Each structure stands twice: as C-alpha cells, then as structure tokens.
>>> print(open('final-v1.cif').read())   # mmCIF, C-alpha atoms; chains and numbers go by the auth columns
data_entry
loop_
_atom_site.group_PDB
_atom_site.id
_atom_site.type_symbol
_atom_site.label_atom_id
_atom_site.label_comp_id
_atom_site.label_asym_id
_atom_site.label_seq_id
_atom_site.Cartn_x
_atom_site.Cartn_y
_atom_site.Cartn_z
_atom_site.B_iso_or_equiv
_atom_site.auth_seq_id
_atom_site.auth_asym_id
ATOM 1 C CA MET A 1 8.437 -25.390 70.167 0.00 1 N
ATOM 2 C CA ILE A 2 8.339 -21.597 69.943 0.00 2 N
ATOM 3 C CA ASN A 3 11.485 -21.536 67.871 0.00 3 N
ATOM 4 C CA LEU A 4 10.064 -24.099 65.464 0.00 4 N
ATOM 5 C CA LEU A 5 6.864 -22.105 65.020 0.00 5 N
ATOM 6 C CA PHE A 6 8.813 -18.982 64.127 0.00 6 N
ATOM 7 C CA MET A 7 11.265 -20.747 61.857 0.00 7 N
ATOM 8 C CA GLN A 8 8.602 -22.407 59.704 0.00 8 N
ATOM 9 C CA PRO A 9 7.286 -19.199 58.002 0.00 9 N
ATOM 10 C CA PHE A 10 10.865 -18.032 57.410 0.00 10 N
ATOM 11 C CA HIS A 11 11.713 -21.297 55.690 0.00 11 N
ATOM 12 C CA SER A 12 8.546 -21.046 53.549 0.00 12 N
ATOM 13 C CA ASP A 13 9.368 -17.483 52.443 0.00 13 N
ATOM 14 C CA LEU A 14 12.917 -18.486 51.575 0.00 14 N
ATOM 15 C CA THR A 15 11.646 -21.351 49.423 0.00 15 N
ATOM 16 C CA LEU A 16 9.184 -19.057 47.634 0.00 16 N
ATOM 17 C CA TYR A 17 11.951 -16.498 47.026 0.00 17 N
ATOM 18 C CA SER A 18 14.165 -19.187 45.513 0.00 18 N
ATOM 19 C CA VAL A 19 11.405 -20.364 43.177 0.00 19 N
ATOM 20 C CA VAL A 20 10.603 -16.817 42.018 0.00 20 N
ATOM 21 C CA ASN A 21 14.282 -15.996 41.559 0.00 21 N
ATOM 22 C CA CYS A 22 14.834 -19.134 39.484 0.00 22 N
ATOM 23 C CA THR A 23 11.742 -18.401 37.368 0.00 23 N
ATOM 24 C CA MET A 24 12.856 -14.821 36.696 0.00 24 N
ATOM 25 C CA LYS A 25 16.285 -16.024 35.576 0.00 25 N
ATOM 26 C CA LYS A 26 14.685 -18.465 33.120 0.00 26 N
ATOM 27 C CA PHE A 27 12.363 -15.740 31.860 0.00 27 N
ATOM 28 C CA LEU A 28 15.280 -13.361 31.255 0.00 28 N
ATOM 29 C CA ILE A 29 17.203 -16.079 29.425 0.00 29 N
ATOM 30 C CA ILE A 30 14.198 -16.724 27.144 0.00 30 N
ATOM 31 C CA ILE A 31 13.832 -12.978 26.434 0.00 31 N
ATOM 32 C CA ALA A 32 17.527 -12.750 25.584 0.00 32 N
ATOM 33 C CA LEU A 33 17.279 -15.690 23.203 0.00 33 N
ATOM 34 C CA LEU A 34 14.246 -14.188 21.456 0.00 34 N
ATOM 35 C CA ALA A 35 15.685 -10.687 21.267 0.00 35 N
ATOM 36 C CA GLY A 36 19.090 -11.801 20.041 0.00 36 N
ATOM 37 C CA PRO A 37 18.093 -12.337 16.364 0.00 37 N
ATOM 38 C CA ALA A 38 16.141 -9.069 16.303 0.00 38 N
ATOM 39 C CA ILE A 39 19.113 -7.132 17.652 0.00 39 N
ATOM 40 C CA GLY A 40 21.353 -8.880 15.143 0.00 40 N
ATOM 41 C CA ASN A 41 19.037 -7.911 12.273 0.00 41 N
ATOM 42 C CA LEU A 42 18.956 -4.307 13.441 0.00 42 N
ATOM 43 C CA GLN A 43 22.749 -4.254 13.612 0.00 43 N
ATOM 44 C CA ALA A 44 22.953 -5.739 10.111 0.00 44 N
ATOM 45 C CA GLN A 45 20.639 -3.047 8.711 0.00 45 N
ATOM 46 C CA THR A 46 22.717 -0.150 10.086 0.00 46 N
ATOM 47 C CA HIS A 47 26.234 -1.597 9.661 0.00 47 N
ATOM 48 C CA GLU A 48 28.113 -3.229 6.808 0.00 48 N
ATOM 49 C CA ASP A 49 31.484 -4.609 5.765 0.00 49 N
ATOM 50 C CA VAL A 50 33.334 -2.850 2.934 0.00 50 N
ATOM 51 C CA VAL A 51 35.915 -4.474 0.634 0.00 51 N
ATOM 52 C CA TYR A 52 38.055 -2.145 -1.504 0.00 52 N
ATOM 53 C CA LEU A 53 39.773 -3.634 -4.563 0.00 53 N
ATOM 54 C CA LYS A 54 42.973 -2.421 -6.141 0.00 54 N
ATOM 55 C CA ASP A 55 41.158 -1.505 -9.370 0.00 55 N
ATOM 56 C CA GLY A 56 38.884 0.924 -7.495 0.00 56 N
ATOM 57 C CA SER A 57 35.839 -1.347 -7.165 0.00 57 N
ATOM 58 C CA VAL A 58 33.980 -1.408 -3.848 0.00 58 N
ATOM 59 C CA PHE A 59 31.850 -4.245 -2.437 0.00 59 N
ATOM 60 C CA ARG A 60 29.468 -3.473 0.437 0.00 60 N
ATOM 61 C CA GLY A 61 27.663 -6.131 2.429 0.00 61 N
ATOM 62 C CA LYS A 62 28.506 -8.874 4.920 0.00 62 N
ATOM 63 C CA VAL A 63 31.841 -10.720 4.906 0.00 63 N
ATOM 64 C CA THR A 64 30.965 -14.374 5.465 0.00 64 N
ATOM 65 C CA GLU A 65 34.517 -15.749 5.139 0.00 65 N
ATOM 66 C CA ASN A 66 37.953 -14.185 5.410 0.00 66 N
ATOM 67 C CA ILE A 67 41.052 -16.347 4.928 0.00 67 N
ATOM 68 C CA SER A 68 44.071 -14.104 5.260 0.00 68 N
ATOM 69 C CA GLY A 69 46.338 -14.279 2.249 0.00 69 N
ATOM 70 C CA VAL A 70 43.903 -16.488 0.317 0.00 70 N
ATOM 71 C CA LYS A 71 40.397 -15.115 -0.264 0.00 71 N
ATOM 72 C CA THR A 72 37.454 -13.168 1.131 0.00 72 N
ATOM 73 C CA THR A 73 33.779 -14.012 0.578 0.00 73 N
ATOM 74 C CA ILE A 74 31.220 -11.197 0.813 0.00 74 N
ATOM 75 C CA GLU A 75 27.424 -11.253 0.477 0.00 75 N
ATOM 76 C CA ILE A 76 25.934 -8.054 -0.987 0.00 76 N
ATOM 77 C CA ALA A 77 22.362 -6.806 -1.500 0.00 77 N
ATOM 78 C CA GLY A 78 20.083 -9.356 -3.153 0.00 78 N
ATOM 79 C CA ARG A 79 22.004 -12.190 -1.452 0.00 79 N
ATOM 80 C CA ASN A 80 24.594 -12.223 -4.225 0.00 80 N
ATOM 81 C CA THR A 81 27.900 -13.725 -3.058 0.00 81 N
ATOM 82 C CA PHE A 82 31.356 -12.889 -4.422 0.00 82 N
ATOM 83 C CA VAL A 83 34.628 -14.708 -3.725 0.00 83 N
ATOM 84 C CA LEU A 84 37.536 -12.275 -4.039 0.00 84 N
ATOM 85 C CA PRO A 85 41.175 -13.468 -4.227 0.00 85 N
ATOM 86 C CA ASP A 86 43.467 -11.765 -1.734 0.00 86 N
ATOM 87 C CA SER A 87 45.685 -10.553 -4.609 0.00 87 N
ATOM 88 C CA LEU A 88 42.869 -8.231 -5.783 0.00 88 N
ATOM 89 C CA ILE A 89 42.004 -6.791 -2.368 0.00 89 N
ATOM 90 C CA LYS A 90 43.406 -3.445 -1.256 0.00 90 N
ATOM 91 C CA MET A 91 41.638 -3.058 2.096 0.00 91 N
ATOM 92 C CA ILE A 92 38.770 -4.505 4.168 0.00 92 N
ATOM 93 C CA LEU A 93 36.782 -2.491 6.717 0.00 93 N
ATOM 94 C CA PHE A 94 34.467 -4.393 9.054 0.00 94 N
ATOM 95 C CA ASN A 95 31.265 -3.252 10.773 0.00 95 N
ATOM 96 C CA GLN A 96 31.084 0.190 9.218 0.00 96 N
ATOM 97 C CA ALA A 97 28.065 2.395 9.974 0.00 97 N
ATOM 98 C CA ILE A 98 25.871 3.000 6.935 0.00 98 N
ATOM 99 C CA PRO A 99 25.264 6.733 6.326 0.00 99 N
ATOM 100 C CA PRO A 100 21.510 7.553 6.591 0.00 100 N
ATOM 101 C CA LYS A 101 21.305 8.734 2.977 0.00 101 N
ATOM 102 C CA GLU A 102 22.649 5.370 1.762 0.00 102 N
ATOM 103 C CA ARG A 103 20.299 3.162 3.773 0.00 103 N
ATOM 104 C CA ILE A 104 17.727 1.251 1.804 0.00 104 N
ATOM 105 C CA ASN A 105 14.330 2.912 1.437 0.00 105 N
ATOM 106 C CA ASN A 106 11.770 0.187 2.030 0.00 106 N
ATOM 107 C CA ALA A 107 8.947 2.185 0.421 0.00 107 N
ATOM 108 C CA SER A 108 7.737 0.568 -2.785 0.00 108 N
ATOM 109 C CA PRO A 109 7.032 2.595 -5.951 0.00 109 N
ATOM 110 C CA VAL A 110 3.777 0.622 -6.300 0.00 110 N
ATOM 111 C CA GLU A 111 1.002 2.405 -4.415 0.00 111 N
ATOM 112 C CA MET A 112 -2.628 1.542 -3.730 0.00 112 N
ATOM 113 C CA ALA A 113 -5.270 4.144 -2.959 0.00 113 N
ATOM 114 C CA ALA A 114 -8.799 3.557 -1.656 0.00 114 N
ATOM 115 C CA SER A 115 -11.061 6.610 -2.001 0.00 115 N
ATOM 116 C CA VAL A 116 -14.618 7.666 -1.216 0.00 116 N
ATOM 117 C CA ASN A 117 -16.100 9.931 -3.910 0.00 117 N
ATOM 118 C CA PHE A 118 -18.968 12.436 -3.799 0.00 118 N
ATOM 119 C CA TYR A 119 -20.548 13.789 -7.003 0.00 119 N
ATOM 120 C CA GLY A 120 -22.565 17.004 -6.867 0.00 120 N
ATOM 121 C CA GLY A 121 -24.615 18.850 -9.466 0.00 121 N
ATOM 122 C CA SER A 122 -28.251 18.689 -10.502 0.00 122 N
ATOM 123 C CA GLU A 123 -28.356 15.511 -8.399 0.00 123 N
ATOM 124 C CA ASN A 124 -26.021 14.136 -5.752 0.00 124 N
ATOM 125 C CA SER A 125 -24.460 10.691 -5.857 0.00 125 N
ATOM 126 C CA GLY A 126 -21.366 8.892 -4.664 0.00 126 N
ATOM 127 C CA GLY A 127 -19.000 6.022 -5.172 0.00 127 N
ATOM 128 C CA PHE A 128 -15.919 4.155 -4.081 0.00 128 N
ATOM 129 C CA THR A 129 -12.758 3.510 -6.123 0.00 129 N
ATOM 130 C CA PHE A 130 -9.581 1.499 -5.657 0.00 130 N
ATOM 131 C CA ILE A 131 -6.554 2.478 -7.789 0.00 131 N
ATOM 132 C CA THR A 132 -3.162 0.766 -8.060 0.00 132 N
ATOM 133 C CA SER A 133 -0.446 3.027 -9.458 0.00 133 N
ATOM 134 C CA TYR A 134 3.289 3.223 -10.060 0.00 134 N
ATOM 135 C CA GLN A 135 5.194 6.241 -8.724 0.00 135 N
ATOM 136 C CA PHE A 136 8.061 7.328 -10.995 0.00 136 N
ATOM 137 C CA PRO A 137 11.130 9.137 -9.567 0.00 137 N
ATOM 138 C CA PHE A 138 10.207 12.322 -11.473 0.00 138 N
ATOM 139 C CA ARG A 139 6.940 12.675 -9.468 0.00 139 N
ATOM 140 C CA LEU A 140 4.671 11.247 -12.173 0.00 140 N
ATOM 141 C CA SER A 141 2.215 8.511 -11.185 0.00 141 N
ATOM 142 C CA THR A 142 0.197 6.265 -13.519 0.00 142 N
ATOM 143 C CA GLY A 143 -2.303 3.609 -12.513 0.00 143 N
ATOM 144 C CA VAL A 144 -5.459 1.649 -13.177 0.00 144 N
ATOM 145 C CA GLY A 145 -8.503 1.257 -10.985 0.00 145 N
ATOM 146 C CA VAL A 146 -11.957 -0.158 -10.435 0.00 146 N
ATOM 147 C CA GLY A 147 -14.840 0.711 -8.143 0.00 147 N
ATOM 148 C CA ILE A 148 -18.591 1.063 -7.738 0.00 148 N
ATOM 149 C CA GLU A 149 -20.639 4.219 -8.346 0.00 149 N
ATOM 150 C CA TRP A 150 -24.240 5.429 -8.271 0.00 150 N
ATOM 151 C CA PHE A 151 -25.780 7.683 -10.892 0.00 151 N
ATOM 152 C CA ASP A 152 -29.265 6.685 -12.142 0.00 152 N
ATOM 153 C CA HIS A 153 -28.214 3.109 -11.386 0.00 153 N
ATOM 154 C CA GLN A 154 -25.238 1.288 -9.976 0.00 154 N
ATOM 155 C CA GLN A 155 -22.235 0.836 -12.231 0.00 155 N
ATOM 156 C CA ILE A 156 -18.650 -0.447 -12.130 0.00 156 N
ATOM 157 C CA PRO A 157 -16.049 1.969 -13.547 0.00 157 N
ATOM 158 C CA PHE A 158 -12.768 0.756 -15.054 0.00 158 N
ATOM 159 C CA MET A 159 -10.339 3.630 -15.340 0.00 159 N
ATOM 160 C CA ALA A 160 -6.781 4.765 -15.997 0.00 160 N
ATOM 161 C CA ASP A 161 -5.381 7.477 -13.737 0.00 161 N
ATOM 162 C CA VAL A 162 -2.420 9.863 -14.285 0.00 162 N
ATOM 163 C CA ARG A 163 -1.121 12.244 -11.604 0.00 163 N
ATOM 164 C CA TYR A 164 1.731 14.706 -11.287 0.00 164 N
ATOM 165 C CA TYR A 165 3.041 15.806 -7.873 0.00 165 N
ATOM 166 C CA PHE A 166 4.804 19.167 -7.659 0.00 166 N
ATOM 167 C CA LEU A 167 6.856 18.492 -4.522 0.00 167 N
ATOM 168 C CA LYS A 168 8.860 15.619 -3.035 0.00 168 N
ATOM 169 C CA GLY A 169 8.341 16.454 0.651 0.00 169 N
ATOM 170 C CA SER A 170 5.888 15.159 3.225 0.00 170 N
ATOM 171 C CA TRP A 171 3.052 16.981 1.451 0.00 171 N
ATOM 172 C CA SER A 172 2.468 17.975 -2.164 0.00 172 N
ATOM 173 C CA PRO A 173 -0.225 19.468 -4.398 0.00 173 N
ATOM 174 C CA CYS A 174 -0.991 17.518 -7.549 0.00 174 N
ATOM 175 C CA ILE A 175 -3.057 17.542 -10.719 0.00 175 N
ATOM 176 C CA TYR A 176 -4.744 14.476 -12.179 0.00 176 N
ATOM 177 C CA ALA A 177 -6.652 13.195 -15.183 0.00 177 N
ATOM 178 C CA LEU A 178 -8.587 9.967 -15.632 0.00 178 N
ATOM 179 C CA GLY A 179 -10.508 8.160 -18.319 0.00 179 N
ATOM 180 C CA GLY A 180 -12.196 4.831 -18.864 0.00 180 N
ATOM 181 C CA TYR A 181 -15.449 2.998 -19.279 0.00 181 N
ATOM 182 C CA ALA A 182 -18.271 2.111 -16.872 0.00 182 N
ATOM 183 C CA VAL A 183 -20.495 -0.964 -17.094 0.00 183 N
ATOM 184 C CA PRO A 184 -23.829 -1.380 -15.267 0.00 184 N
ATOM 185 C CA LEU A 185 -23.905 -3.609 -12.204 0.00 185 N
ATOM 186 C CA SER A 186 -27.295 -4.915 -13.374 0.00 186 N
ATOM 187 C CA ASN A 187 -28.392 -5.006 -17.031 0.00 187 N
ATOM 188 C CA LYS A 188 -32.153 -4.677 -16.371 0.00 188 N
ATOM 189 C CA ASP A 189 -34.520 -3.107 -13.890 0.00 189 N
ATOM 190 C CA ASP A 190 -36.826 -5.148 -11.631 0.00 190 N
ATOM 191 C CA ASN A 191 -39.662 -5.175 -14.192 0.00 191 N
ATOM 192 C CA ASN A 192 -37.425 -5.920 -17.199 0.00 192 N
ATOM 193 C CA TYR A 193 -38.741 -2.773 -18.882 0.00 193 N
ATOM 194 C CA GLN A 194 -35.327 -1.113 -19.066 0.00 194 N
ATOM 195 C CA GLU A 195 -31.927 -2.334 -20.175 0.00 195 N
ATOM 196 C CA TYR A 196 -28.837 -0.513 -18.985 0.00 196 N
ATOM 197 C CA TYR A 197 -25.621 -0.101 -20.941 0.00 197 N
ATOM 198 C CA GLY A 198 -22.300 1.426 -20.005 0.00 198 N
ATOM 199 C CA GLY A 199 -20.521 4.458 -21.342 0.00 199 N
ATOM 200 C CA MET A 200 -17.331 6.485 -21.462 0.00 200 N
ATOM 201 C CA LEU A 201 -16.064 8.368 -18.415 0.00 201 N
ATOM 202 C CA ALA A 202 -13.476 11.102 -17.920 0.00 202 N
ATOM 203 C CA GLY A 203 -12.323 13.470 -15.230 0.00 203 N
ATOM 204 C CA ALA A 204 -9.689 15.998 -14.206 0.00 204 N
ATOM 205 C CA GLY A 205 -8.831 18.074 -11.183 0.00 205 N
ATOM 206 C CA ALA A 206 -6.341 18.939 -8.463 0.00 206 N
ATOM 207 C CA GLY A 207 -5.567 17.516 -5.072 0.00 207 N
ATOM 208 C CA MET A 208 -3.304 17.358 -2.037 0.00 208 N
ATOM 209 C CA ARG A 209 -1.273 14.512 -0.619 0.00 209 N
ATOM 210 C CA PHE A 210 -0.153 14.373 3.031 0.00 210 N
ATOM 211 C CA ASN A 211 2.407 11.688 3.908 0.00 211 N
ATOM 212 C CA PHE A 212 2.527 10.740 7.590 0.00 212 N
ATOM 213 C CA ASN A 213 5.264 8.129 6.970 0.00 213 N
ATOM 214 C CA LYS A 214 7.140 6.608 4.006 0.00 214 N
ATOM 215 C CA ARG A 215 4.383 4.093 3.277 0.00 215 N
ATOM 216 C CA ASN A 216 1.080 5.848 3.985 0.00 216 N
ATOM 217 C CA ALA A 217 -0.618 9.091 3.030 0.00 217 N
ATOM 218 C CA LEU A 218 -3.950 10.892 3.031 0.00 218 N
ATOM 219 C CA VAL A 219 -5.183 12.228 -0.319 0.00 219 N
ATOM 220 C CA PHE A 220 -7.877 14.819 -1.108 0.00 220 N
ATOM 221 C CA ASN A 221 -9.133 15.660 -4.614 0.00 221 N
ATOM 222 C CA LEU A 222 -11.482 18.239 -6.099 0.00 222 N
ATOM 223 C CA GLY A 223 -12.393 18.185 -9.767 0.00 223 N
ATOM 224 C CA TYR A 224 -14.803 17.486 -12.608 0.00 224 N
ATOM 225 C CA ARG A 225 -16.353 14.177 -13.650 0.00 225 N
ATOM 226 C CA TYR A 226 -18.045 13.265 -16.945 0.00 226 N
ATOM 227 C CA GLN A 227 -20.110 10.110 -17.420 0.00 227 N
ATOM 228 C CA LYS A 228 -22.221 8.872 -20.341 0.00 228 N
ATOM 229 C CA THR A 229 -24.737 6.004 -20.198 0.00 229 N
ATOM 230 C CA LYS A 230 -27.321 4.390 -22.446 0.00 230 N
ATOM 231 C CA THR A 231 -30.775 3.042 -21.469 0.00 231 N
ATOM 232 C CA LEU A 232 -33.048 0.948 -23.697 0.00 232 N
ATOM 233 C CA PHE A 233 -36.800 1.145 -22.960 0.00 233 N
ATOM 234 C CA GLY A 234 -39.256 -1.513 -24.177 0.00 234 N
ATOM 235 C CA TYR A 235 -43.064 -1.315 -24.345 0.00 235 N
ATOM 236 C CA TYR A 236 -44.894 -4.597 -23.712 0.00 236 N
ATOM 237 C CA GLY A 237 -48.499 -5.101 -24.752 0.00 237 N
ATOM 238 C CA TRP A 238 -50.961 -6.837 -22.419 0.00 238 N
ATOM 239 C CA SER A 239 -50.829 -10.086 -24.372 0.00 239 N
ATOM 240 C CA SER A 240 -47.235 -9.975 -25.559 0.00 240 N
ATOM 241 C CA MET A 241 -44.099 -11.334 -23.939 0.00 241 N
ATOM 242 C CA TYR A 242 -41.905 -9.374 -26.334 0.00 242 N
ATOM 243 C CA PRO A 243 -41.572 -5.612 -26.629 0.00 243 N
ATOM 244 C CA GLN A 244 -43.701 -4.079 -29.339 0.00 244 N
ATOM 245 C CA TYR A 245 -41.283 -1.174 -29.717 0.00 245 N
ATOM 246 C CA GLU A 246 -38.084 0.074 -28.121 0.00 246 N
ATOM 247 C CA THR A 247 -36.591 3.496 -27.502 0.00 247 N
ATOM 248 C CA GLU A 248 -33.033 4.478 -26.640 0.00 248 N
ATOM 249 C CA ARG A 249 -31.993 7.208 -24.243 0.00 249 N
ATOM 250 C CA TYR A 250 -28.494 8.580 -23.763 0.00 250 N
ATOM 251 C CA ASP A 251 -27.715 10.324 -20.491 0.00 251 N
ATOM 252 C CA THR A 252 -24.750 12.599 -19.933 0.00 252 N
ATOM 253 C CA TYR A 253 -23.676 13.476 -16.391 0.00 253 N
ATOM 254 C CA ASN A 254 -21.482 16.471 -15.577 0.00 254 N
ATOM 255 C CA ARG A 255 -20.585 16.511 -11.916 0.00 255 N
ATOM 256 C CA LEU A 256 -18.311 18.309 -9.514 0.00 256 N
ATOM 257 C CA THR A 257 -16.457 15.672 -7.532 0.00 257 N
ATOM 258 C CA PHE A 258 -14.799 15.640 -4.141 0.00 258 N
ATOM 259 C CA SER A 259 -12.918 12.603 -2.851 0.00 259 N
ATOM 260 C CA PHE A 260 -10.723 11.647 0.053 0.00 260 N
ATOM 261 C CA GLY A 261 -8.858 8.455 0.665 0.00 261 N
ATOM 262 C CA PHE A 262 -5.966 6.526 2.125 0.00 262 N
ATOM 263 C CA LEU A 263 -2.845 5.611 0.153 0.00 263 N
ATOM 264 C CA PHE A 264 -0.429 2.847 1.119 0.00 264 N
ATOM 265 C CA ASN A 265 2.300 0.650 -0.419 0.00 265 N
#
>>> encode(input="final-v1.cif", output="structure tokens")
Amino acid sequence: MINLLFMQPFHSDLTLYSVVNCTMKKFLIIIALLAGPAIGNLQAQTHEDVVYLKDGSVFRGKVTENISGVKTTIEIAGRNTFVLPDSLIKMILFNQAIPPKERINNASPVEMAASVNFYGGSENSGGFTFITSYQFPFRLSTGVGVGIEWFDHQQIPFMADVRYYFLKGSWSPCIYALGGYAVPLSNKDDNNYQEYYGGMLAGAGAGMRFNFNKRNALVFNLGYRYQKTKTLFGYYGWSSMYPQYETERYDTYNRLTFSFGFLFN
C-alpha cells in the first residue's frame, strides 16, 4: 500500500510532463511553419540569381526553372519573366548577395506632411495644413495642399508649395515658397450682417528637415505669410428684410509664421 501511494504522484507528474512536452513540440512546429515564409522573403530580398549572356547582358532576379542544355527561366523586378535559351547563356550564378548600394530603396518620392502653423503680428492666429508633394532626385520638392486657418474668421486655404533642400543627408536646411487662394468656411456671420469672401495668399521662408528613418521626418519652418480677404457689410432697416446699402472692406494680413510638422511617405 505504501509503495502504491508513493508511485501515484510520480505517475501523475510523468503524465503531465509528457503532455507539456508534446504541446511544446507542436508549438515549435507551428512557429517554424509561420516563420518559414518570412525567412524566405528576407532571404529573397538580400540574395539574387544572376544570369550572364554572351552578348554582355545581365539578368538579376530569381531563377524559377533551369533545364541544363535547353533553357533558363528567370523572374526579375516587377515580376517580369524571361525565358533564355541555353545557347545565349554564358554563366549563371545562384544565390548571390545583393550589395547594400544596389538594394531597393522602399521610400517613395511622394511625401505627405501634416503641419501646425502659428501666425504672429498685430494679432495672433493659427492653422493646420496638409500638403502632398513629390520629391525630385535633385532635392526639389513640389506639392499641393489644403487646411484650415483662423484670421478674422475661419477659412480653407488651397495652396501650391515649392521647396528646395540643400543636403541629401539625414538632415537638411531648405527654403520654400507657397501661393494659392483661401475661401471662407462660412459665407455669413450669425446675424447675416456680413458676407465673407476669400482672397489670395502667399508665403516664403526657410526651414529644417530631420529624417529619423527613410520614410519619416520632422520639419520646422519660419517665414512670412500674406493673406487678403474681402467682407461685405449690409445695413438693414427696422422694417426691411433686404439691406438698404452695402459696404465692402478688404483686409490684408502680414504675419510672421512658425510651423512644425511630421512628414511621411
């Protein structure tokens, strides 16, 4: 009886160990199956097959079929496939490491920047803009944007933006210029005594860009902003639903502007 009492816990522990061991093996198999494609993709991004032709042409990609003495099929960038007769092939090198400078840069030339703007002068105001631009290889960037701003009233600016960056490194100073037109968010005030109209806008200044990876950057700008608006005032008599006379007022705003934002692509 004593031996049975002592053997029972040992048998229970052994059973539990077997269950845990079996579960861990299944878990490791599942992890291996899930990680396999990822490892394969990583290998494909850093290695390639190279086919050299007798006429000096070179094909780089993934050899999907190789029939000795007959033909070789290779898939290159863009999933374009070429079938090359063996008579044209000089040499084939498999699984060659891609030099770092030749690896594909996944950063897109199309960039989007969201910025918070502060306007200072005789009065302070602010705004928010969102600009989509195209970055050319020669460090010139052009784009278009939209936003919302506050001067005497809320308005929506539509603008074109041009920037030039002086450096290609992880940070660069730049100069910029912008122009466009702003429309009021609301055409009339609460009492319908005033009608708001849009006007031309322009700006210029300098800034800094700090890249913390290939896709994202912080941007800071300091410059000048010009804005023109038009307001129509109407006088209503006590017994009239229509204005008895109207006056026009043109406002011109000259502001120092500071903005900071986040750029991504």
>>> resolve_selection(input="final-v1.cif", expression="the PyMOL selection byres ((chain N and resi 78) around 12)", output="PyMOL selection string")
chain N and resi 60-62+74-77+79-82+104
>>> write_last_selection(input="final-v1.cif", atoms="C-alpha atoms", output="CSV table (one decimal), keeping the file's coordinate frame")
chain,number,residue,atom,x,y,z
N,60,ARG,CA,29.5,-3.5,0.4
N,61,GLY,CA,27.7,-6.1,2.4
N,62,LYS,CA,28.5,-8.9,4.9
N,74,ILE,CA,31.2,-11.2,0.8
N,75,GLU,CA,27.4,-11.3,0.5
N,76,ILE,CA,25.9,-8.1,-1.0
N,77,ALA,CA,22.4,-6.8,-1.5
N,79,ARG,CA,22.0,-12.2,-1.5
N,80,ASN,CA,24.6,-12.2,-4.2
N,81,THR,CA,27.9,-13.7,-3.1
N,82,PHE,CA,31.4,-12.9,-4.4
N,104,ILE,CA,17.7,1.3,1.8
>>> resolve_selection(input="final-v1.cif", expression="the PyMOL selection byres ((chain N and resi 43-57) around 7)", output="list of chain:residue names")
N:Ile39, N:Gly40, N:Asn41, N:Leu42, N:Val58, N:Phe59, N:Arg60, N:Gly61, N:Lys62, N:Val63, N:Leu88, N:Ile89, N:Lys90, N:Met91, N:Ile92, N:Leu93, N:Phe94, N:Asn95, N:Gln96, N:Ala97, N:Ile98
>>> atom_distance(input="final-v1.cif", atom1="atom CA of N:Ala113", atom2="atom CA of N:Phe166")
18.7 Å
>>> atom_distance(input="final-v1.cif", atom1="atom CA of N:Val116", atom2="atom CA of N:Ile131")
11.6 Å
>>> atom_distance(input="final-v1.cif", atom1="atom CA of N:Ile156", atom2="atom CA of N:Gly180")
10.7 Å
>>> residues_around(input="final-v1.cif", residues="N:Asn124", least_positions_apart="4", cutoff="9 Å", atoms="only C-alpha atoms", output="count of residues only")
5
